[in-house]
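Before any comments, here is the structure.
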Amino acid sequence: MAERGDGGGQQAACGHDSYRTPLASRYASPEMCFVFSDRYKFRTWRQLWLWLAEAEQTLGLPITDEQIQEMKSNLDNIDFKMAAEEEKQLRHDVMAHVHTFGHCCPKAAAIIHLGATSCYVGDNTDLIILRNAFDLLLPKLARVISRLADFAKERADLPTLGFTHFQPAQLTTVGKRCCLWIQDLCMDLQNLKRVRDDLRFRGVKGTTGTQASFLQLFEGDDQKVEQLDKMVTEKAGFKRAFIITGQTYTRKVDIEVLSVLASLGASVHKICTDIRLLANLKEMEEPFEKQQIGSSAMPYKRNPMRSERCCSLARHLMTLLMDPLQTASVQWFERTLDDSANRRICLAEAFLTADTILNTLQNVSEGLVVYPKVIERRIRQELPFMATESIIMAMVKAGGNRQDCHEKIRVLSQQAAAVVKQEGGDNDLIERIQADAYFSPIHSQLDHLLDPSSFTGRASQQVQRFLEEEVYPLLKPYESVMKVKAELCL
């Protein structure tokens, strides 16, 4: 059997006198916490032992129906205290649970774990957990996209000041800006689904991946060993198993898994940073509850704490990618055990963190508040400068000289800019143009030339096409879960 003994089975005391990860105690959903719970893990170990025994029996090994039934009857009968005491003595978590399972299945004890290595239960359980964790994340991400799509559609025509380098730029629309967020999340949804569907079962491979122990059990019958591997893989709900493994499945899989989660973290961080910046500009706010307190010292504060939480946890999620990268790089030959303790932490934390930021972002996206008057005021402050080219073109059409007009606009623009920057006043460029007789041929056109909607290009049409051609088809498989509301733990 494979060496383990990383001491991972010791259970910390619960309650207020010991550390508990905030991911479980404050943030992540109960369903995601359960998937990474000891009960789910060790129950899955027992299920894997049962599937192995059933397949071995079907292929002719002397395993009785009575032994199979005894194992079935005790899948949930886990004595965690006994398992912890066994591991403390044996320093081997799998053998501790073999003994614990055998204690409540005395008739089946002799055939539990027959031919297997620790990674048969350890790695295969991890793959089942990863698959199920993805299945929890995917509809949550789809719901976030759906909420933002509704927001973008409703505000597809609402002009807003664009920013490049966080400096005023060409106008866009609130809906078009939201589509930038949606597009990143759609890429994440596709990537999460791809990695989830690409997961392969480790299967029944033995201590170094050669299946030697099973070949011995079946007296050299190669076909039966192949059938055994296939049967257990199908029982676990996987379409494929690795043909080649060492003692473990390749830790490159963990890199793939955490890469797409880290990429999701990057998307969420960008989105929530934008929301925080817009909150500072008072153009948009995340939900703020009636009894919510923004600051213990400043009662007027409305801090974007949900978006800040998303950014904080997204940074943690992105850094977790370094763990599987380092681990995969130092797996000597068929395996070393220095992966185990690290993987216990990083895999669970990555999914609990992703779960938290998606729950939180859904809550944010369901209650985003837009302030059109503030947006309109900021547009009025910047639009006169942006409209200068349109004003020049209108003057030329009215018989003016392009170069003369450009110089006039340049002088007036500098004067208006001085009022804004040096005196703290409003942008009065349009008033200066209206007061200048040179521009009298187009004075009647100024309102039309300064209509914000004429500066947003094809933003509205882009939103409509993007939602119809790319977003809605991607969300179709998740229609049945779209009505679920987000619930924050704290």
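Chain identifiers are assigned as A, B, and so on, following the order in which chains appear in the structure tokens; residues are numbered from 1 within each chain, and ligands are numbered from 1 in order of appearance.
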
Query - Contacts of A:His406 at 12 Å (only C-alpha atoms; same-chain gap of 2+ positions) as a list in words - result: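 These residues fall inside the cut-off: Thr388, Glu389, Ser390, Ile391, Ile392, Met393, Ala394, Met395, Val396, Gly400, Asn401, Arg402, Gln403, Asp404, Lys408, Ile409, Arg410, Val411, Leu412, Ser413, Tyr438 and Phe439 of chain A.
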
Report task. Tell me which protein, DNA and RNA residues are within 7 Å of A:Thr125, counting only C-alpha atoms, leaving out same-chain ones fewer than 3 positions away, and put them as a count of residues only. Result -> 7

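Between atom CA of A:Ala350 and atom CA of A:Cys311 there is a distance of 14.4 Å.
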
Requested in this report: Can you check which residues of stretch 411-466 of chain A DSSP gives as alpha helix (DSSP H) on the backbone and send them as a ChimeraX atom specification?
Outcome: /A:411-422,429-435,446-449,459-466

Query raised in the report: With distances taken over only C-alpha atoms, which of A:Leu130, A:Lys239, A:Leu281, A:Gln381 is nearest to A:Lys421?
Result: A:Gln381

Requested in this report: Considering only C-alpha atoms, return as number ranges by chain whatever protein or nucleic-acid residues lie within 7 Å of A:Ala142, sequence-local ones (same chain, fewer than 3 positions apart) excluded.
Outcome: A: 138-139, 145-146, 475, 478

Those same residues - N, CA and C atoms - I'd like them written as a PDB file, in the first residue's frame.
```
ATOM      1  N   LEU A 138     -21.137  26.612 -11.451  1.00  0.00           N
ATOM      2  CA  LEU A 138     -21.589  26.976 -12.796  1.00  0.00           C
ATOM      3  C   LEU A 138     -22.940  27.693 -12.805  1.00  0.00           C
ATOM      4  N   PRO A 139     -23.974  27.161 -12.130  1.00  0.00           N
ATOM      5  CA  PRO A 139     -25.246  27.906 -12.150  1.00  0.00           C
ATOM      6  C   PRO A 139     -25.165  29.241 -11.419  1.00  0.00           C
ATOM      7  N   ILE A 145     -24.286  36.366 -14.550  1.00  0.00           N
ATOM      8  CA  ILE A 145     -24.312  36.852 -15.935  1.00  0.00           C
ATOM      9  C   ILE A 145     -25.727  37.266 -16.321  1.00  0.00           C
ATOM     10  N   SER A 146     -26.699  36.464 -15.932  1.00  0.00           N
ATOM     11  CA  SER A 146     -28.092  36.763 -16.277  1.00  0.00           C
ATOM     12  C   SER A 146     -28.550  38.077 -15.648  1.00  0.00           C
ATOM     13  N   LEU A 475     -26.497  30.916 -21.673  1.00  0.00           N
ATOM     14  CA  LEU A 475     -27.229  30.744 -20.417  1.00  0.00           C
ATOM     15  C   LEU A 475     -28.361  29.729 -20.518  1.00  0.00           C
ATOM     16  N   TYR A 478     -28.963  26.756 -18.204  1.00  0.00           N
ATOM     17  CA  TYR A 478     -29.139  27.058 -16.782  1.00  0.00           C
ATOM     18  C   TYR A 478     -30.486  27.727 -16.489  1.00  0.00           C
TER      19      TYR A 478
END
```

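If you count only C-alpha atoms and ignore residues fewer than 4 places along the chain from stretch 218-229 of chain A, what sits within 7 Å of it is A:Ala55, A:Glu56, A:Leu59, A:Gly203, A:Val204, A:Phe214, A:Thr233.
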
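Nearest residue to A:Trp181, choosing from A:Leu321, A:Ala109, A:Asp76, A:Ser365 and counting only C-alpha atoms: A:Ser365.
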
Report task. Any chance you could list, as a list in words, the residues in stretch 2-174 of chain A that come up strand (DSSP E) when DSSP is run on the backbone? Result ->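 Answer for stretch 2-174 of chain A restricted to strand (DSSP E) is Pro159, Thr160, Leu161, Gly162, Phe163, Thr164, Gln167, Pro168, Ala169, Gln170, Leu171, Thr172 and Thr173 of chain A.
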
Query - Residues near stretch 249-252 of chain A, cut-off 7 Å, only C-alpha atoms, skip fewer than 4 positions along chain, as a list in words - result: Asp123, Arg202, Thr245, Glu256 and Ala328 of chain A

Report task. Quick one: pull the distance between atom CA of A:Tyr371 and atom CA of A:Gln170, Å, one decimal. Result ->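 A separation of 19.5 Å between them.
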
Query raised in the report: So which residues touch stretch 186-198 of chain A within 7 Å, counting only C-alpha atoms, skipping near sequence neighbours fewer than 2 positions away, as an MDAnalysis selection string?
Result: chainID A and resid 131 134 138 141 182:184 200 256:257 260 264

Query raised in the report: Restricting the calculation to only C-alpha atoms, which member of A:Ala133, A:Leu446, A:Ile271, A:Leu158 is positioned closest to A:Cys33?
Result: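 With only C-alpha atoms as the atom set, the closest residue is A:Ala133.
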
Query - Residue among A:Glu70, A:Glu283, A:Glu407, A:Asp436 lying closest to A:Lys373, counting only C-alpha atoms - result: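 Nearest candidate to A:Lys373 out of A:Glu70, A:Glu283, A:Glu407, A:Asp436: A:Glu283.
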
Report task. Could you please determine the separation between atom CA of A:Ile442 and atom CA of A:Arg458 in Å, to one decimal place? Result ->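 Going from atom CA of A:Ile442 over to atom CA of A:Arg458 covers 25.8 Å.
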
Query raised in the report: Which residue, A:Gly162, A:Trp49, A:Leu185, A:Asp79, has the smallest gap to A:Ala236 when you use only C-alpha atoms?
Result: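 Closest residue, counting only C-alpha atoms: A:Trp49.
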